[in-house]
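The structure file final31.txt is reproduced below (compact mmCIF, C-alpha atoms and all ligand atoms).
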```txt
# COMPACT_ATOMS: atom_id res chain seq x y z
CA MET A 1 4.60 -84.23 -45.73
CA GLU A 2 8.05 -85.18 -44.50
CA TYR A 3 11.34 -83.78 -45.68
CA SER A 4 14.68 -85.56 -45.33
CA GLU A 5 17.40 -84.08 -43.16
CA LYS A 6 19.40 -83.27 -46.29
CA VAL A 7 16.51 -81.29 -47.77
CA MET A 8 16.12 -79.33 -44.55
CA ASP A 9 19.88 -78.76 -44.38
CA HIS A 10 20.08 -77.39 -47.93
CA PHE A 11 16.93 -75.35 -47.41
CA THR A 12 18.04 -73.71 -44.17
CA ASN A 13 21.69 -73.42 -45.21
CA PRO A 14 21.75 -73.26 -49.01
CA ARG A 15 25.17 -73.54 -50.68
CA ASN A 16 26.45 -71.30 -53.45
CA VAL A 17 23.66 -68.73 -53.42
CA GLY A 18 24.33 -65.70 -55.58
CA GLU A 19 25.62 -64.82 -59.01
CA LEU A 20 28.87 -65.28 -60.91
CA GLU A 21 30.35 -62.06 -62.20
CA ASN A 22 31.32 -63.25 -65.66
CA PRO A 23 29.55 -66.58 -66.00
CA SER A 24 30.29 -68.91 -68.88
CA GLY A 25 26.60 -69.80 -68.99
CA VAL A 26 23.34 -68.68 -67.37
CA GLY A 27 20.00 -70.41 -67.41
CA THR A 28 16.69 -69.10 -66.10
CA VAL A 29 13.61 -71.26 -65.93
CA GLY A 30 10.23 -71.01 -64.31
CA ASN A 31 7.35 -73.27 -63.46
CA GLU A 32 4.09 -71.85 -64.74
CA LYS A 33 1.94 -73.60 -62.18
CA CYS A 34 3.63 -72.52 -58.97
CA GLY A 35 5.31 -69.40 -60.38
CA ASP A 36 8.71 -70.32 -58.95
CA ILE A 37 11.80 -69.11 -60.79
CA MET A 38 15.37 -70.41 -60.74
CA ARG A 39 18.52 -68.97 -62.26
CA PHE A 40 21.67 -71.06 -62.54
CA TYR A 41 25.18 -69.77 -63.29
CA ILE A 42 28.14 -71.87 -64.38
CA GLN A 43 31.82 -71.16 -64.87
CA VAL A 44 33.53 -73.44 -67.35
CA THR A 45 37.29 -73.81 -67.70
CA ASP A 46 38.79 -76.26 -70.19
CA GLY A 47 35.53 -78.17 -70.49
CA VAL A 48 35.09 -78.57 -66.73
CA ILE A 49 32.59 -76.74 -64.53
CA THR A 50 34.73 -75.00 -61.97
CA ASP A 51 32.03 -72.97 -60.23
CA ALA A 52 28.26 -72.79 -60.00
CA LYS A 53 25.86 -70.47 -58.23
CA PHE A 54 22.13 -70.04 -58.13
CA LYS A 55 19.30 -67.71 -57.27
CA THR A 56 15.91 -69.20 -56.61
CA PHE A 57 12.68 -67.37 -56.05
CA GLY A 58 10.66 -70.31 -54.97
CA CYS A 59 9.69 -72.95 -52.49
CA GLY A 60 11.97 -74.65 -50.01
CA ALA A 61 12.35 -77.76 -52.12
CA ALA A 62 13.36 -75.62 -55.10
CA VAL A 63 16.00 -73.92 -52.96
CA ALA A 64 17.28 -77.27 -51.68
CA THR A 65 17.41 -78.87 -55.14
CA SER A 66 19.23 -75.94 -56.71
CA SER A 67 21.65 -75.81 -53.78
CA ILE A 68 22.64 -79.45 -54.08
CA ALA A 69 22.75 -79.19 -57.89
CA THR A 70 25.48 -76.53 -57.60
CA GLU A 71 27.49 -78.96 -55.47
CA MET A 72 26.88 -81.90 -57.80
CA VAL A 73 27.93 -80.03 -60.92
CA ARG A 74 31.25 -78.66 -59.65
CA GLY A 75 34.22 -80.52 -61.07
CA LYS A 76 32.10 -82.24 -63.70
CA THR A 77 32.77 -82.16 -67.43
CA LEU A 78 30.03 -80.73 -69.65
CA GLN A 79 29.08 -84.22 -70.72
CA GLU A 80 28.85 -85.42 -67.11
CA ALA A 81 26.82 -82.36 -66.17
CA VAL A 82 24.17 -83.18 -68.78
CA GLN A 83 23.63 -86.47 -66.97
CA ILE A 84 22.54 -84.69 -63.79
CA SER A 85 18.81 -85.34 -63.90
CA ASN A 86 16.04 -84.37 -61.53
CA THR A 87 16.07 -87.99 -60.32
CA ALA A 88 19.76 -87.72 -59.47
CA VAL A 89 19.10 -84.47 -57.62
CA MET A 90 16.27 -86.05 -55.64
CA GLU A 91 18.40 -89.07 -54.77
CA ALA A 92 21.20 -86.83 -53.57
CA LEU A 93 18.71 -85.22 -51.19
CA ASP A 94 17.48 -88.61 -49.94
CA GLY A 95 14.19 -88.07 -51.72
CA LEU A 96 11.40 -85.51 -51.90
CA PRO A 97 7.70 -85.88 -51.18
CA ALA A 98 5.84 -86.79 -54.38
CA ALA A 99 4.05 -83.44 -54.48
CA LYS A 100 7.46 -81.76 -54.60
CA ALA A 101 9.06 -83.82 -57.36
CA HIS A 102 8.43 -81.04 -59.88
CA CYS A 103 10.70 -78.74 -57.89
CA SER A 104 13.67 -80.97 -58.73
CA CYS A 105 12.74 -80.69 -62.41
CA LEU A 106 13.30 -76.97 -62.11
CA ALA A 107 16.87 -77.63 -60.92
CA GLU A 108 17.56 -79.95 -63.86
CA GLU A 109 16.05 -77.49 -66.32
CA ALA A 110 17.95 -74.50 -64.93
CA LEU A 111 21.26 -76.38 -65.06
CA HIS A 112 20.58 -77.60 -68.58
CA ALA A 113 19.57 -74.10 -69.67
CA ALA A 114 22.91 -72.78 -68.37
CA LEU A 115 24.74 -75.54 -70.24
CA TRP A 116 22.77 -74.69 -73.36
CA ASP A 117 23.68 -71.03 -73.02
CA TYR A 118 27.36 -71.94 -72.73
CA ALA A 119 27.19 -74.34 -75.69
CA ARG A 120 25.38 -71.76 -77.83
CA LYS A 121 27.89 -69.01 -77.06
CA ASN A 122 30.79 -71.30 -77.88
CA GLY A 123 29.35 -73.09 -80.90
CA LEU A 124 29.47 -76.43 -79.11
CA ASP A 125 27.26 -79.44 -79.42
CA ILE A 126 26.84 -81.29 -76.13
CA PRO A 127 25.34 -84.70 -76.88
CA GLY A 128 22.06 -85.32 -75.07
CA LEU A 129 21.48 -81.66 -74.25
CA LYS A 130 18.09 -80.35 -75.30
CA PRO A 131 17.21 -76.69 -75.81
CA PRO A 132 15.37 -75.09 -72.91
CA GLU A 133 11.65 -74.36 -73.18
CA GLU A 134 10.84 -71.35 -75.29
CA THR A 135 9.01 -69.64 -72.45
CA GLU A 136 11.92 -68.60 -70.32
CA ALA A 137 11.08 -66.64 -67.22
CA GLU A 138 12.91 -63.37 -66.85
FE1 LIG B 1 7.31 -74.60 -57.35
FE2 LIG B 1 8.54 -76.10 -55.66
S1 LIG B 1 6.50 -75.43 -55.54
S2 LIG B 1 9.32 -75.29 -57.50
```
Structure rendered as structure tokens:
Amino acid sequence: MEYSEKVMDHFTNPRNVGELENPSGVGTVGNEKCGDIMRFYIQVTDGVITDAKFKTFGCGAAVATSSIATEMVRGKTLQEAVQISNTAVMEALDGLPAAKAHCSCLAEEALHAALWDYARKNGLDIPGLKPPEETEAE
């Protein structure tokens, strides 16, 4: 199994690890099969994501995908952020081995769960955003 240089870079030197003190939205998701858990924090100001952080208890690919997702989402509007899919995350990392594709889904789901949390708290409807799975990992 081969990992791209970008995956290794984000795994060994992950960006934006940690928590936001008063986040606008938080999303926590888990993958039942591997047991990995990811929490994603976003700060939203005037409809734009100004900051994002993450905490991932999981595999290297999960760390790398959440790390790059925090970079991708900064400066995006809510509507643009919804468009960040697991495919986009994988492309930004120059690909992942097929067996690790599900790890990028965790990044998409965690980001979307944080967006959902923000939308719910603010009574917003973000077109294209689906509610997170019922079984949220805590
Ligand atoms: Fe579970 Fe990668 S093995 S997220």
Let me make sure I understand: among A:Glu108, A:Glu5, A:Asp51, A:Asp94, which one has the smallest atom-to-atom distance to Pro23 in chain A if we use all atoms listed in the file?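 That would be A:Asp51, the residue with the smallest distance to Pro23 in chain A.
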Residues at most 7 Å from ligand LIG 1 (chain B), using all atoms listed in the file? Could they come as a list in words?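 Using all atoms listed in the file, everything at most 7 Å from ligand LIG 1 (chain B) comes to Asn31, Cys34, Gly35, Asp36, Gly58, Cys59, Gly60, Ala61, Ala62, Lys100, His102, Cys103 and Leu106 of chain A.
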Give me, as a ChimeraX atom specification, all polymer residues having an atom no more than 12 Å from Asn16 in chain A, counting only C-alpha atoms and skipping those fewer than 5 positions away in the same chain. /A:10-11,40-42,51-56,63-74
Residues within 8 Å of Asn22 in chain A, please, as a short mmCIF file (atom, residue, chain, number, x, y, z; two decimals) with C-alpha atoms, in the frame of the given file. Count all atoms listed in the file; anything in the same chain fewer than 2 positions from it doesn't count.
```
data_model
loop_
_atom_site.label_atom_id
_atom_site.label_comp_id
_atom_site.auth_asym_id
_atom_site.auth_seq_id
_atom_site.Cartn_x
_atom_site.Cartn_y
_atom_site.Cartn_z
CA LEU A 20 28.87 -65.28 -60.91
CA SER A 24 30.29 -68.91 -68.88
CA GLN A 43 31.82 -71.16 -64.87
#
```
Kindly give the distance, in Å, that separates CA of Leu96 in chain A and CA of Ala110 in chain A, rounded to a single decimal.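 CA of Leu96 in chain A sits 18.3 Å away from CA of Ala110 in chain A.
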Atom pair CA of Phe57 in chain A / CA of Arg39 in chain A: separation (Å): 8.7 Å
Pairwise distance for CA of Lys121 in chain A and CA of Val89 in chain A, rounded to one decimal in Å: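 Computing the Euclidean distance for CA of Lys121 in chain A and CA of Val89 in chain A yields 26.3 Å.
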A:Val82, A:Ala88, A:Val17, A:Ala101: which is nearest Ala114 in chain A, counting all atoms listed in the file?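 Nearest candidate to Ala114 in chain A out of A:Val82, A:Ala88, A:Val17, A:Ala101: A:Val82.
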Identify, on the basis of all atoms listed in the file, every residue whose closest approach to Leu111 in chain A does not exceed 7 Å; exclude the query and any residue fewer than 4 positions from it along the same chain; express the result as a PyMOL selection string. chain A and resi 27+40+107+115
Restricting the calculation to all atoms listed in the file: of A:Ile126, A:Ala98, A:Ala119, A:Ala113, which residue gets closest to Val44 in chain A?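 With all atoms listed in the file as the atom set, the closest residue is A:Ala119.
Proximity ranking of A:Gln79, A:Gly25, A:Ile37, A:Ser4 relative to Asp125 in chain A places A:Gln79 first, based on all atoms listed in the file.
Each of A:Val29, A:Leu78, A:Ile84, A:Val48 was checked against Glu133 in chain A using only C-alpha atoms; the smallest atom-to-atom distance is that of A:Val29.
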Starting from the structure just given, write a file holding range 14-51 of chain A with C-alpha atoms, as a PDB file, in the first residue's frame.
```pdb
ATOM      1  CA  PRO A  14      -1.112  17.568  10.757  1.00  0.00           C
ATOM      2  CA  ARG A  15      -2.455  21.124  10.481  1.00  0.00           C
ATOM      3  CA  ASN A  16      -4.986  22.698  12.817  1.00  0.00           C
ATOM      4  CA  VAL A  17      -5.107  19.965  15.432  1.00  0.00           C
ATOM      5  CA  GLY A  18      -7.060  20.884  18.546  1.00  0.00           C
ATOM      6  CA  GLU A  19     -10.304  22.518  19.548  1.00  0.00           C
ATOM      7  CA  LEU A  20     -11.905  25.929  19.103  1.00  0.00           C
ATOM      8  CA  GLU A  21     -12.893  27.579  22.344  1.00  0.00           C
ATOM      9  CA  ASN A  22     -16.298  28.861  21.285  1.00  0.00           C
ATOM     10  CA  PRO A  23     -16.952  27.075  18.014  1.00  0.00           C
ATOM     11  CA  SER A  24     -19.857  28.061  15.795  1.00  0.00           C
ATOM     12  CA  GLY A  25     -20.356  24.387  14.990  1.00  0.00           C
ATOM     13  CA  VAL A  26     -19.008  21.005  16.101  1.00  0.00           C
ATOM     14  CA  GLY A  27     -19.453  17.650  14.435  1.00  0.00           C
ATOM     15  CA  THR A  28     -18.410  14.258  15.759  1.00  0.00           C
ATOM     16  CA  VAL A  29     -18.632  11.141  13.659  1.00  0.00           C
ATOM     17  CA  GLY A  30     -17.336   7.622  13.902  1.00  0.00           C
ATOM     18  CA  ASN A  31     -16.873   4.639  11.661  1.00  0.00           C
ATOM     19  CA  GLU A  32     -18.391   1.543  13.208  1.00  0.00           C
ATOM     20  CA  LYS A  33     -16.135  -0.876  11.384  1.00  0.00           C
ATOM     21  CA  CYS A  34     -12.736   0.510  12.289  1.00  0.00           C
ATOM     22  CA  GLY A  35     -13.832   2.368  15.433  1.00  0.00           C
ATOM     23  CA  ASP A  36     -12.123   5.601  14.387  1.00  0.00           C
ATOM     24  CA  ILE A  37     -13.604   8.869  15.613  1.00  0.00           C
ATOM     25  CA  MET A  38     -13.261  12.395  14.246  1.00  0.00           C
ATOM     26  CA  ARG A  39     -14.405  15.707  15.681  1.00  0.00           C
ATOM     27  CA  PHE A  40     -14.474  18.833  13.542  1.00  0.00           C
ATOM     28  CA  TYR A  41     -14.830  22.415  14.799  1.00  0.00           C
ATOM     29  CA  ILE A  42     -15.725  25.435  12.681  1.00  0.00           C
ATOM     30  CA  GLN A  43     -15.817  29.156  13.343  1.00  0.00           C
ATOM     31  CA  VAL A  44     -18.224  31.067  11.138  1.00  0.00           C
ATOM     32  CA  THR A  45     -18.233  34.832  10.704  1.00  0.00           C
ATOM     33  CA  ASP A  46     -20.672  36.533   8.342  1.00  0.00           C
ATOM     34  CA  GLY A  47     -21.372  33.286   6.508  1.00  0.00           C
ATOM     35  CA  VAL A  48     -17.695  32.478   5.960  1.00  0.00           C
ATOM     36  CA  ILE A  49     -15.663  29.805   7.736  1.00  0.00           C
ATOM     37  CA  THR A  50     -12.833  31.709   9.325  1.00  0.00           C
ATOM     38  CA  ASP A  51     -11.271  28.888  11.328  1.00  0.00           C
TER      39      ASP A  51
END
```
